[in-house]
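A.B. asks: Sharing upload37.pdb below, PDB, C-alpha atoms:
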ATOM      1  CA  MET A1113       2.818  -8.647  -0.688
ATOM      2  CA  ARG A1114       4.664  -8.678   2.572
ATOM      3  CA  LYS A1115       3.579 -10.412   5.754
ATOM      4  CA  LEU A1116       2.748  -8.552   8.940
ATOM      5  CA  ASN A1117       5.944  -9.790  10.609
ATOM      6  CA  ASP A1118       8.001  -8.152   7.856
ATOM      7  CA  TYR A1119       7.076  -4.733   9.272
ATOM      8  CA  ILE A1120       7.695  -5.465  12.935
ATOM      9  CA  THR A1121      10.961  -4.136  14.329
ATOM     10  CA  HIS A1122      10.725  -4.557  18.115
ATOM     11  CA  PRO A1123      11.913  -7.998  19.308
ATOM     12  CA  VAL A1124       9.114  -8.396  21.880
ATOM     13  CA  HIS A1125       6.509  -7.401  19.311
ATOM     14  CA  LYS A1126       8.012  -9.988  16.927
ATOM     15  CA  LYS A1127       7.681 -12.711  19.579
ATOM     16  CA  ILE A1128       4.068 -11.757  20.244
ATOM     17  CA  ALA A1129       3.213 -11.648  16.543
ATOM     18  CA  GLU A1130       4.805 -15.075  16.019
ATOM     19  CA  ALA A1131       2.756 -16.509  18.904
ATOM     20  CA  TYR A1132      -0.457 -15.176  17.348
ATOM     21  CA  ASP A1133       0.672 -16.372  13.923
ATOM     22  CA  LYS A1134       1.017 -19.945  15.205
ATOM     23  CA  ALA A1135      -2.357 -19.906  16.992
ATOM     24  CA  ASN A1136      -4.824 -22.063  15.064
ATOM     25  CA  THR A1137      -7.371 -22.883  17.742
ATOM     26  CA  PRO A1138      -9.229 -20.814  20.354
ATOM     27  CA  GLU A1139      -7.036 -22.380  23.043
ATOM     28  CA  GLU A1140      -3.840 -21.446  21.197
ATOM     29  CA  LEU A1141      -5.188 -17.915  20.720
ATOM     30  CA  GLU A1142      -5.801 -17.647  24.469
ATOM     31  CA  ALA A1143      -2.261 -18.921  25.102
ATOM     32  CA  ALA A1144      -0.903 -16.244  22.742
ATOM     33  CA  LYS A1145      -2.853 -13.573  24.654
ATOM     34  CA  ARG A1146      -1.449 -14.806  27.969
ATOM     35  CA  TYR A1147       2.057 -14.814  26.477
ATOM     36  CA  GLN A1148       1.571 -11.246  25.260
ATOM     37  CA  HIS A1149       0.426 -10.095  28.712
ATOM     38  CA  GLU A1150       3.344 -11.865  30.396
ATOM     39  CA  LEU A1151       5.884 -10.196  28.126
ATOM     40  CA  GLN A1152       4.293  -6.763  28.414
ATOM     41  CA  ASP A1153       3.831  -7.014  32.195
ATOM     42  CA  ALA A1154       7.541  -7.819  32.577
ATOM     43  CA  MET A1155       8.553  -4.565  30.843
ATOM     44  CA  THR A1156       9.803  -1.525  32.705
ATOM     45  CA  PRO A1157       8.011   1.768  31.923
ATOM     46  CA  GLU A1158      10.923   2.737  29.665
ATOM     47  CA  GLU A1159      10.748  -0.575  27.811
ATOM     48  CA  GLN A1160       6.978  -0.184  27.469
ATOM     49  CA  GLN A1161       7.454   3.296  25.965
ATOM     50  CA  GLU A1162      10.089   1.957  23.552
ATOM     51  CA  TYR A1163       7.719  -0.898  22.625
ATOM     52  CA  ASN A1164       4.821   1.510  22.053
ATOM     53  CA  ASP A1165       6.978   3.858  19.949
ATOM     54  CA  ALA A1166       8.180   0.918  17.834
ATOM     55  CA  MET A1167       4.598  -0.289  17.318
ATOM     56  CA  ILE A1168       3.501   3.160  16.153
ATOM     57  CA  SER A1169       6.433   3.341  13.752
ATOM     58  CA  ASP A1170       5.749  -0.191  12.485
ATOM     59  CA  PHE A1171       2.073   0.550  11.887
ATOM     60  CA  ARG A1172       2.924   3.745   9.990
ATOM     61  CA  ARG A1173       5.242   1.713   7.759
ATOM     62  CA  MET A1174       2.485  -0.870   7.235
ATOM     63  CA  MET A1175      -0.027   1.822   6.303
ATOM     64  CA  ALA A1176       2.392   3.365   3.802
ATOM     65  CA  ALA A1177       2.977  -0.073   2.247
ATOM     66  CA  MET A1178      -0.775  -0.661   2.050
ATOM     67  CA  ASP A1179      -1.198   2.681   0.295
ATOM     68  CA  GLU A1180       1.416   1.565  -2.248
ATOM     69  CA  ASP A1181      -0.333  -1.775  -2.710
ATOM     70  CA  ILE A1182      -3.671  -0.025  -3.257
ATOM     71  CA  ALA A1183      -2.087   2.294  -5.818
ATOM     72  CA  ASP A1184      -0.597  -0.717  -7.610
ATOM     73  CA  LEU A1185      -3.965  -2.468  -7.642
ATOM     74  CA  ARG A1186      -5.675   0.648  -8.996
ATOM     75  CA  ALA A1187      -3.122   0.997 -11.768
ATOM     76  CA  GLU A1188      -3.382  -2.703 -12.620
ATOM     77  CA  ALA A1189      -7.188  -2.516 -12.694
ATOM     78  CA  ILE A1190      -6.985   0.433 -15.069
ATOM     79  CA  ARG A1191      -4.476  -1.411 -17.301
ATOM     80  CA  MET A1192      -6.772  -4.451 -17.435
ATOM     81  CA  LYS A1193      -9.878  -2.396 -18.233
ATOM     82  CA  MET A1194      -8.208  -0.421 -21.028
ATOM     83  CA  GLY A1195      -7.877  -3.229 -23.532
ATOM     84  CA  ASP A1196      -7.193  -1.681 -26.949
ATOM     85  CA  THR A1197      -8.457   1.760 -25.882
ATOM     86  CA  PRO A1198      -4.946   3.255 -25.398
ATOM     87  CA  LYS A1199      -4.414   3.554 -29.153
ATOM     88  CA  PHE A1200      -7.296   6.060 -29.258
ATOM     89  CA  ILE A1201      -5.984   8.238 -26.416
ATOM     90  CA  ASN A1202      -3.548  11.133 -26.572
ATOM     91  CA  TRP A1203      -1.365  10.174 -23.591
ATOM     92  CA  THR A1204       0.880  13.196 -24.058
ATOM     93  CA  GLN A1205      -2.075  15.495 -23.499
ATOM     94  CA  ILE A1206      -3.285  13.510 -20.460
ATOM     95  CA  ALA A1207       0.192  13.506 -18.912
ATOM     96  CA  ASN A1208       0.549  17.219 -19.516
ATOM     97  CA  THR A1209      -2.948  18.358 -18.553
ATOM     98  CA  TYR A1210      -3.643  16.184 -15.542
ATOM     99  CA  PHE A1211      -0.155  15.569 -14.151
ATOM    100  CA  GLY A1212       2.098  18.286 -15.552
ATOM    101  CA  LYS A1213       4.432  15.497 -16.665
ATOM    102  CA  SER A1214       5.709  13.972 -19.891
ATOM    103  CA  GLN A1215       4.106  11.139 -21.817
ATOM    104  CA  SER A1216       7.086   8.905 -21.017
ATOM    105  CA  TRP A1217       6.568   9.508 -17.270
ATOM    106  CA  LEU A1218       2.928   8.455 -17.571
ATOM    107  CA  MET A1219       3.604   5.439 -19.795
ATOM    108  CA  GLN A1220       6.398   4.198 -17.523
ATOM    109  CA  ARG A1221       3.907   4.060 -14.664
ATOM    110  CA  LEU A1222       1.047   2.658 -16.697
ATOM    111  CA  ASN A1223       3.270  -0.136 -18.011
ATOM    112  CA  GLY A1224       5.257  -0.703 -14.792
ATOM    113  CA  ASN A1225       8.571  -0.124 -16.564
ATOM    114  CA  THR A1226      11.858  -0.306 -14.707
ATOM    115  CA  VAL A1227      13.372   3.153 -14.320
ATOM    116  CA  ASN A1228      16.700   3.696 -12.537
ATOM    117  CA  GLY A1229      16.579   0.104 -11.280
ATOM    118  CA  LYS A1230      13.091   0.396  -9.750
ATOM    119  CA  GLU A1231       9.620  -0.339 -11.051
ATOM    120  CA  ALA A1232       7.916   2.916 -11.983
ATOM    121  CA  ARG A1233       4.570   3.100 -10.234
ATOM    122  CA  PHE A1234       1.896   5.557  -9.269
ATOM    123  CA  ASN A1235       1.798   6.621  -5.657
ATOM    124  CA  SER A1236      -1.612   6.613  -4.004
ATOM    125  CA  ALA A1237      -2.405  10.240  -4.896
ATOM    126  CA  GLU A1238      -1.310   9.755  -8.524
ATOM    127  CA  ALA A1239      -3.441   6.618  -8.893
ATOM    128  CA  LYS A1240      -6.483   8.566  -7.662
ATOM    129  CA  GLN A1241      -5.544  11.417  -9.990
ATOM    130  CA  LEU A1242      -5.394   9.021 -12.954
ATOM    131  CA  GLU A1243      -8.823   7.644 -12.098
ATOM    132  CA  ALA A1244     -10.208  11.186 -11.874
ATOM    133  CA  ALA A1245      -8.592  12.109 -15.203
ATOM    134  CA  LEU A1246     -10.105   9.092 -16.952
ATOM    135  CA  HIS A1247     -13.520   9.835 -15.434
ATOM    136  CA  ASP A1248     -13.225  13.444 -16.583
ATOM    137  CA  LEU A1249     -12.360  12.346 -20.125
ATOM    138  CA  GLY A1250     -15.201   9.830 -20.087
ATOM    139  CA  ASN A1251     -17.657  12.508 -19.011
ATOM    140  CA  LYS A1252     -16.415  14.840 -21.748
ATOM    141  CA  LEU A1253     -16.874  12.092 -24.360
ATOM    142  CA  LEU A1254     -20.356  11.295 -23.068
ATOM    143  CA  ALA A1255     -21.303  14.961 -23.269
ATOM    144  CA  ILE A1256     -20.307  15.005 -26.938
ATOM    145  CA  ALA A1257     -22.230  11.802 -27.698
ATOM    146  CA  PHE A1258     -25.585  13.182 -26.513
TER     147      PHE A1258
END
Could you express the structure from this file as C-alpha cells?

C.D. replies:
Amino acid sequence: MRKLNDYITHPVHKKIAEAYDKANTPEELEAAKRYQHELQDAMTPEEQQEYNDAMISDFRRMMAAMDEDIADLRAEAIRMKMGDTPKFINWTQIANTYFGKSQSWLMQRLNGNTVNGKEARFNSAEAKQLEAALHDLGNKLLAIAF
C-alpha cells in the first residue's frame, strides 16, 4: 500500500504533509499546524486556488486507490474462504451469468494472474458483484437443502 505522500502533487502540500508526518508529540503537531498556516497565508489567491485544485485532485486519486485496495482485499478474502470449494463450482457459468465474461477472465482475477504485464484484479464494482453472485448461489443451495 502506498503512503499518503505518494499521492500528493503540490509542493506546498508535500511540505505540509512531511511536517505532519514528522510530528510525534503534541508540541510538534502544533508546530506543524503553525507551519501549515504560515505557508498558506503566504500564498496569493491564485496560488491558493492552485493549491486547492491540487488537493482535490490528490484526494480523488487517493479515493480511487483506496477503492482498488478494498476490491483487492475483498477478492483475497473470498480466495481465502473458498478453500477446496472451487472444484465444486461451475466457474464458466458464474462468469457468464453474473459478469457476461469468460471463465478465463474470472479465473485470472480470482487468482491474481498477470495479464498483459499487469496483475488481473477486480475493480470495486466487480468485487461487490462477485460477493453478490456467491451470496445468490449460496441462497439457491440453501433453498434446495430445506

A.B. asks: At most 12 Å is the cut-off: for each residue in stretch 1128-1224 of chain A with any atom that close to an atom of stretch 1234-1251 of chain A, write down the nearest atom pair and the distance in Å rounded to one decimal, counting all atoms listed in the file, chain first then increasing number, as JSON lines.

C.D. replies:
{"residue": "A:Met1175", "atom": "CA", "partner": "A:Ser1236", "partner_atom": "CA", "distance": 11.5}
{"residue": "A:Ala1176", "atom": "CA", "partner": "A:Ser1236", "partner_atom": "CA", "distance": 9.4}
{"residue": "A:Ala1177", "atom": "CA", "partner": "A:Ser1236", "partner_atom": "CA", "distance": 10.2}
{"residue": "A:Met1178", "atom": "CA", "partner": "A:Ser1236", "partner_atom": "CA", "distance": 9.5}
{"residue": "A:Asp1179", "atom": "CA", "partner": "A:Ser1236", "partner_atom": "CA", "distance": 5.8}
{"residue": "A:Glu1180", "atom": "CA", "partner": "A:Asn1235", "partner_atom": "CA", "distance": 6.1}
{"residue": "A:Asp1181", "atom": "CA", "partner": "A:Ser1236", "partner_atom": "CA", "distance": 8.6}
{"residue": "A:Ile1182", "atom": "CA", "partner": "A:Ser1236", "partner_atom": "CA", "distance": 7.0}
{"residue": "A:Ala1183", "atom": "CA", "partner": "A:Ser1236", "partner_atom": "CA", "distance": 4.7}
{"residue": "A:Asp1184", "atom": "CA", "partner": "A:Phe1234", "partner_atom": "CA", "distance": 7.0}
{"residue": "A:Leu1185", "atom": "CA", "partner": "A:Ala1239", "partner_atom": "CA", "distance": 9.2}
{"residue": "A:Arg1186", "atom": "CA", "partner": "A:Ala1239", "partner_atom": "CA", "distance": 6.4}
{"residue": "A:Ala1187", "atom": "CA", "partner": "A:Ala1239", "partner_atom": "CA", "distance": 6.3}
{"residue": "A:Glu1188", "atom": "CA", "partner": "A:Ala1239", "partner_atom": "CA", "distance": 10.0}
{"residue": "A:Ala1189", "atom": "CA", "partner": "A:Glu1243", "partner_atom": "CA", "distance": 10.3}
{"residue": "A:Ile1190", "atom": "CA", "partner": "A:Glu1243", "partner_atom": "CA", "distance": 8.0}
{"residue": "A:Arg1191", "atom": "CA", "partner": "A:Glu1243", "partner_atom": "CA", "distance": 11.3}
{"residue": "A:Lys1193", "atom": "CA", "partner": "A:Leu1246", "partner_atom": "CA", "distance": 11.6}
{"residue": "A:Met1194", "atom": "CA", "partner": "A:Leu1246", "partner_atom": "CA", "distance": 10.5}
{"residue": "A:Thr1197", "atom": "CA", "partner": "A:Leu1246", "partner_atom": "CA", "distance": 11.7}
{"residue": "A:Pro1198", "atom": "CA", "partner": "A:Leu1246", "partner_atom": "CA", "distance": 11.5}
{"residue": "A:Ile1201", "atom": "CA", "partner": "A:Leu1249", "partner_atom": "CA", "distance": 9.9}
{"residue": "A:Asn1202", "atom": "CA", "partner": "A:Leu1249", "partner_atom": "CA", "distance": 11.0}
{"residue": "A:Trp1203", "atom": "CA", "partner": "A:Leu1246", "partner_atom": "CA", "distance": 11.0}
{"residue": "A:Gln1205", "atom": "CA", "partner": "A:Ala1245", "partner_atom": "CA", "distance": 11.1}
{"residue": "A:Ile1206", "atom": "CA", "partner": "A:Ala1245", "partner_atom": "CA", "distance": 7.6}
{"residue": "A:Ala1207", "atom": "CA", "partner": "A:Leu1242", "partner_atom": "CA", "distance": 9.3}
{"residue": "A:Asn1208", "atom": "CA", "partner": "A:Ala1245", "partner_atom": "CA", "distance": 11.3}
{"residue": "A:Thr1209", "atom": "CA", "partner": "A:Ala1245", "partner_atom": "CA", "distance": 9.1}
{"residue": "A:Tyr1210", "atom": "CA", "partner": "A:Ala1245", "partner_atom": "CA", "distance": 6.4}
{"residue": "A:Phe1211", "atom": "CA", "partner": "A:Gln1241", "partner_atom": "CA", "distance": 8.0}
{"residue": "A:Gly1212", "atom": "CA", "partner": "A:Glu1238", "partner_atom": "CA", "distance": 11.6}
{"residue": "A:Lys1213", "atom": "CA", "partner": "A:Glu1238", "partner_atom": "CA", "distance": 11.5}
{"residue": "A:Trp1217", "atom": "CA", "partner": "A:Phe1234", "partner_atom": "CA", "distance": 10.1}
{"residue": "A:Leu1218", "atom": "CA", "partner": "A:Phe1234", "partner_atom": "CA", "distance": 8.9}
{"residue": "A:Met1219", "atom": "CA", "partner": "A:Phe1234", "partner_atom": "CA", "distance": 10.7}
{"residue": "A:Gln1220", "atom": "CA", "partner": "A:Phe1234", "partner_atom": "CA", "distance": 9.5}
{"residue": "A:Arg1221", "atom": "CA", "partner": "A:Phe1234", "partner_atom": "CA", "distance": 5.9}
{"residue": "A:Leu1222", "atom": "CA", "partner": "A:Phe1234", "partner_atom": "CA", "distance": 8.0}
{"residue": "A:Asn1223", "atom": "CA", "partner": "A:Phe1234", "partner_atom": "CA", "distance": 10.5}
{"residue": "A:Gly1224", "atom": "CA", "partner": "A:Phe1234", "partner_atom": "CA", "distance": 9.0}

A.B. asks: Which residues are near A:Ala1143? Cut-off 9 Å, all atoms listed in the file, ignore same chain within fewer than 5 positions. Put them as a ChimeraX atom specification.

C.D. replies: /A:1131-1132,1135,1138,1148

A.B. asks: Let's have the selection written as an mmCIF file, keeping the file's coordinate frame, with C-alpha atoms.

C.D. replies:
data_model
loop_
_atom_site.group_PDB
_atom_site.id
_atom_site.type_symbol
_atom_site.label_atom_id
_atom_site.label_comp_id
_atom_site.auth_asym_id
_atom_site.auth_seq_id
_atom_site.Cartn_x
_atom_site.Cartn_y
_atom_site.Cartn_z
ATOM 1 C CA ALA A 1131 2.756 -16.509 18.904
ATOM 2 C CA TYR A 1132 -0.457 -15.176 17.348
ATOM 3 C CA ALA A 1135 -2.357 -19.906 16.992
ATOM 4 C CA PRO A 1138 -9.229 -20.814 20.354
ATOM 5 C CA GLN A 1148 1.571 -11.246 25.260
#

A.B. asks: Report the residues retrieved by the PyMOL selection byres ((chain A and resi 1158-1172) around 9) from the displayed file, expressed as a PDB file with C-alpha atoms, in the coordinates of the input.

C.D. replies:
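Once everything was written out, this is result_30.pdb:
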ATOM      1  CA  TYR A1119       7.076  -4.733   9.272  1.00  0.00           C
ATOM      2  CA  ILE A1120       7.695  -5.465  12.935  1.00  0.00           C
ATOM      3  CA  THR A1121      10.961  -4.136  14.329  1.00  0.00           C
ATOM      4  CA  HIS A1122      10.725  -4.557  18.115  1.00  0.00           C
ATOM      5  CA  PRO A1123      11.913  -7.998  19.308  1.00  0.00           C
ATOM      6  CA  VAL A1124       9.114  -8.396  21.880  1.00  0.00           C
ATOM      7  CA  HIS A1125       6.509  -7.401  19.311  1.00  0.00           C
ATOM      8  CA  GLN A1152       4.293  -6.763  28.414  1.00  0.00           C
ATOM      9  CA  ASP A1153       3.831  -7.014  32.195  1.00  0.00           C
ATOM     10  CA  MET A1155       8.553  -4.565  30.843  1.00  0.00           C
ATOM     11  CA  THR A1156       9.803  -1.525  32.705  1.00  0.00           C
ATOM     12  CA  PRO A1157       8.011   1.768  31.923  1.00  0.00           C
ATOM     13  CA  ARG A1173       5.242   1.713   7.759  1.00  0.00           C
ATOM     14  CA  MET A1174       2.485  -0.870   7.235  1.00  0.00           C
ATOM     15  CA  MET A1175      -0.027   1.822   6.303  1.00  0.00           C
ATOM     16  CA  ALA A1176       2.392   3.365   3.802  1.00  0.00           C
ATOM     17  CA  ALA A1177       2.977  -0.073   2.247  1.00  0.00           C
TER      18      ALA A1177
END

A.B. asks: Neighbouring residues of A:Glu1130 were defined as those with any atom within 12 Å, considering all atoms listed in the file; residues of the same chain fewer than 3 positions away were excluded. Please report them as a CSV table (one decimal) with C-alpha atoms, keeping the file's coordinate frame.

C.D. replies:
chain,number,residue,atom,x,y,z
A,1115,LYS,CA,3.6,-10.4,5.8
A,1116,LEU,CA,2.7,-8.6,8.9
A,1117,ASN,CA,5.9,-9.8,10.6
A,1118,ASP,CA,8.0,-8.2,7.9
A,1120,ILE,CA,7.7,-5.5,12.9
A,1123,PRO,CA,11.9,-8.0,19.3
A,1124,VAL,CA,9.1,-8.4,21.9
A,1125,HIS,CA,6.5,-7.4,19.3
A,1126,LYS,CA,8.0,-10.0,16.9
A,1127,LYS,CA,7.7,-12.7,19.6
A,1133,ASP,CA,0.7,-16.4,13.9
A,1134,LYS,CA,1.0,-19.9,15.2
A,1135,ALA,CA,-2.4,-19.9,17.0
A,1136,ASN,CA,-4.8,-22.1,15.1
A,1140,GLU,CA,-3.8,-21.4,21.2
A,1141,LEU,CA,-5.2,-17.9,20.7
A,1144,ALA,CA,-0.9,-16.2,22.7
A,1145,LYS,CA,-2.9,-13.6,24.7
A,1147,TYR,CA,2.1,-14.8,26.5
A,1148,GLN,CA,1.6,-11.2,25.3

A.B. asks: To one decimal place in Å, what is the distance between atom CA of A:Lys1199 and atom CA of A:Ser1214?

C.D. replies: 17.2 Å

A.B. asks: In Å, with one decimal, what is the gap from atom CA of A:Arg1233 to atom CA of A:Gly1195?

C.D. replies: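 Separation of atom CA of A:Arg1233 and atom CA of A:Gly1195: 19.3 Å.
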
A.B. asks: Emit stretch 1187-1199 of chain A of the structure in the block as a file comprising all heavy atoms, as a PDB file, in the first residue's frame.

C.D. replies:
ATOM      1  N   ALA A1187     -11.427  -9.575  -2.800  1.00  0.00           N
ATOM      2  CA  ALA A1187     -11.080 -10.735  -3.613  1.00  0.00           C
ATOM      3  C   ALA A1187     -10.195 -11.705  -2.822  1.00  0.00           C
ATOM      4  O   ALA A1187     -10.393 -12.923  -2.883  1.00  0.00           O
ATOM      5  CB  ALA A1187     -10.381 -10.299  -4.903  1.00  0.00           C
ATOM      6  N   GLU A1188      -9.249 -11.174  -2.077  1.00  0.00           N
ATOM      7  CA  GLU A1188      -8.367 -12.022  -1.274  1.00  0.00           C
ATOM      8  C   GLU A1188      -9.152 -12.737  -0.178  1.00  0.00           C
ATOM      9  O   GLU A1188      -8.931 -13.927   0.077  1.00  0.00           O
ATOM     10  CB  GLU A1188      -7.245 -11.183  -0.646  1.00  0.00           C
ATOM     11  CG  GLU A1188      -6.258 -11.983   0.171  1.00  0.00           C
ATOM     12  CD  GLU A1188      -5.509 -13.048  -0.623  1.00  0.00           C
ATOM     13  OE1 GLU A1188      -5.328 -12.873  -1.842  1.00  0.00           O
ATOM     14  OE2 GLU A1188      -5.106 -14.053  -0.011  1.00  0.00           O
ATOM     15  N   ALA A1189     -10.088 -12.039   0.447  1.00  0.00           N
ATOM     16  CA  ALA A1189     -10.917 -12.667   1.483  1.00  0.00           C
ATOM     17  C   ALA A1189     -11.736 -13.806   0.887  1.00  0.00           C
ATOM     18  O   ALA A1189     -11.858 -14.881   1.491  1.00  0.00           O
ATOM     19  CB  ALA A1189     -11.830 -11.635   2.130  1.00  0.00           C
ATOM     20  N   ILE A1190     -12.265 -13.592  -0.295  1.00  0.00           N
ATOM     21  CA  ILE A1190     -13.042 -14.641  -0.961  1.00  0.00           C
ATOM     22  C   ILE A1190     -12.147 -15.829  -1.285  1.00  0.00           C
ATOM     23  O   ILE A1190     -12.505 -16.979  -1.042  1.00  0.00           O
ATOM     24  CB  ILE A1190     -13.743 -14.092  -2.229  1.00  0.00           C
ATOM     25  CG1 ILE A1190     -14.870 -13.139  -1.817  1.00  0.00           C
ATOM     26  CG2 ILE A1190     -14.278 -15.227  -3.097  1.00  0.00           C
ATOM     27  CD1 ILE A1190     -15.461 -12.342  -2.958  1.00  0.00           C
ATOM     28  N   ARG A1191     -10.939 -15.557  -1.827  1.00  0.00           N
ATOM     29  CA  ARG A1191      -9.998 -16.643  -2.142  1.00  0.00           C
ATOM     30  C   ARG A1191      -9.684 -17.464  -0.892  1.00  0.00           C
ATOM     31  O   ARG A1191      -9.647 -18.687  -0.922  1.00  0.00           O
ATOM     32  CB  ARG A1191      -8.697 -16.084  -2.716  1.00  0.00           C
ATOM     33  CG  ARG A1191      -8.720 -15.828  -4.193  1.00  0.00           C
ATOM     34  CD  ARG A1191      -7.324 -15.588  -4.763  1.00  0.00           C
ATOM     35  NE  ARG A1191      -6.698 -14.370  -4.310  1.00  0.00           N
ATOM     36  CZ  ARG A1191      -6.853 -13.186  -4.885  1.00  0.00           C
ATOM     37  NH1 ARG A1191      -7.622 -13.068  -5.941  1.00  0.00           N
ATOM     38  NH2 ARG A1191      -6.242 -12.127  -4.415  1.00  0.00           N
ATOM     39  N   MET A1192      -9.456 -16.776   0.228  1.00  0.00           N
ATOM     40  CA  MET A1192      -9.093 -17.470   1.467  1.00  0.00           C
ATOM     41  C   MET A1192     -10.259 -18.309   1.996  1.00  0.00           C
ATOM     42  O   MET A1192     -10.050 -19.408   2.515  1.00  0.00           O
ATOM     43  CB  MET A1192      -8.640 -16.455   2.519  1.00  0.00           C
ATOM     44  CG  MET A1192      -7.303 -15.817   2.184  1.00  0.00           C
ATOM     45  SD  MET A1192      -6.855 -14.475   3.300  1.00  0.00           S
ATOM     46  CE  MET A1192      -6.604 -15.375   4.822  1.00  0.00           C
ATOM     47  N   LYS A1193     -11.463 -17.803   1.877  1.00  0.00           N
ATOM     48  CA  LYS A1193     -12.639 -18.511   2.392  1.00  0.00           C
ATOM     49  C   LYS A1193     -12.989 -19.744   1.547  1.00  0.00           C
ATOM     50  O   LYS A1193     -13.589 -20.685   2.047  1.00  0.00           O
ATOM     51  CB  LYS A1193     -13.864 -17.590   2.413  1.00  0.00           C
ATOM     52  CG  LYS A1193     -13.830 -16.535   3.471  1.00  0.00           C
ATOM     53  CD  LYS A1193     -15.091 -15.681   3.350  1.00  0.00           C
ATOM     54  CE  LYS A1193     -15.062 -14.456   4.212  1.00  0.00           C
ATOM     55  NZ  LYS A1193     -16.251 -13.614   3.998  1.00  0.00           N
ATOM     56  N   MET A1194     -12.622 -19.726   0.277  1.00  0.00           N
ATOM     57  CA  MET A1194     -13.076 -20.775  -0.639  1.00  0.00           C
ATOM     58  C   MET A1194     -12.489 -22.140  -0.349  1.00  0.00           C
ATOM     59  O   MET A1194     -13.145 -23.140  -0.575  1.00  0.00           O
ATOM     60  CB  MET A1194     -12.819 -20.364  -2.088  1.00  0.00           C
ATOM     61  CG  MET A1194     -13.812 -19.345  -2.572  1.00  0.00           C
ATOM     62  SD  MET A1194     -13.920 -19.210  -4.349  1.00  0.00           S
ATOM     63  CE  MET A1194     -12.391 -18.482  -4.784  1.00  0.00           C
ATOM     64  N   GLY A1195     -11.263 -22.195   0.109  1.00  0.00           N
ATOM     65  CA  GLY A1195     -10.658 -23.491   0.381  1.00  0.00           C
ATOM     66  C   GLY A1195     -10.738 -24.409  -0.829  1.00  0.00           C
ATOM     67  O   GLY A1195     -10.356 -24.038  -1.933  1.00  0.00           O
ATOM     68  N   ASP A1196     -11.282 -25.621  -0.635  1.00  0.00           N
ATOM     69  CA  ASP A1196     -11.379 -26.567  -1.754  1.00  0.00           C
ATOM     70  C   ASP A1196     -12.720 -26.471  -2.474  1.00  0.00           C
ATOM     71  O   ASP A1196     -13.002 -27.253  -3.387  1.00  0.00           O
ATOM     72  CB  ASP A1196     -11.119 -27.996  -1.276  1.00  0.00           C
ATOM     73  CG  ASP A1196     -12.206 -28.526  -0.347  1.00  0.00           C
ATOM     74  OD1 ASP A1196     -13.009 -27.715   0.159  1.00  0.00           O
ATOM     75  OD2 ASP A1196     -12.249 -29.748  -0.125  1.00  0.00           O
ATOM     76  N   THR A1197     -13.542 -25.508  -2.118  1.00  0.00           N
ATOM     77  CA  THR A1197     -14.857 -25.337  -2.735  1.00  0.00           C
ATOM     78  C   THR A1197     -14.802 -25.130  -4.249  1.00  0.00           C
ATOM     79  O   THR A1197     -15.689 -25.617  -4.958  1.00  0.00           O
ATOM     80  CB  THR A1197     -15.611 -24.157  -2.070  1.00  0.00           C
ATOM     81  OG1 THR A1197     -15.638 -24.378  -0.667  1.00  0.00           O
ATOM     82  CG2 THR A1197     -17.008 -24.010  -2.601  1.00  0.00           C
ATOM     83  N   PRO A1198     -13.795 -24.422  -4.797  1.00  0.00           N
ATOM     84  CA  PRO A1198     -13.803 -24.148  -6.237  1.00  0.00           C
ATOM     85  C   PRO A1198     -13.972 -25.369  -7.130  1.00  0.00           C
ATOM     86  O   PRO A1198     -14.541 -25.273  -8.212  1.00  0.00           O
ATOM     87  CB  PRO A1198     -12.452 -23.469  -6.488  1.00  0.00           C
ATOM     88  CG  PRO A1198     -12.168 -22.785  -5.202  1.00  0.00           C
ATOM     89  CD  PRO A1198     -12.692 -23.728  -4.150  1.00  0.00           C
ATOM     90  N   LYS A1199     -13.512 -26.537  -6.678  1.00  0.00           N
ATOM     91  CA  LYS A1199     -13.648 -27.717  -7.543  1.00  0.00           C
ATOM     92  C   LYS A1199     -15.105 -28.162  -7.694  1.00  0.00           C
ATOM     93  O   LYS A1199     -15.426 -28.936  -8.584  1.00  0.00           O
ATOM     94  CB  LYS A1199     -12.764 -28.855  -7.040  1.00  0.00           C
ATOM     95  CG  LYS A1199     -13.110 -29.388  -5.686  1.00  0.00           C
ATOM     96  CD  LYS A1199     -12.096 -30.426  -5.265  1.00  0.00           C
ATOM     97  CE  LYS A1199     -12.336 -30.898  -3.840  1.00  0.00           C
ATOM     98  NZ  LYS A1199     -11.272 -31.755  -3.372  1.00  0.00           N
TER      99      LYS A1199
END
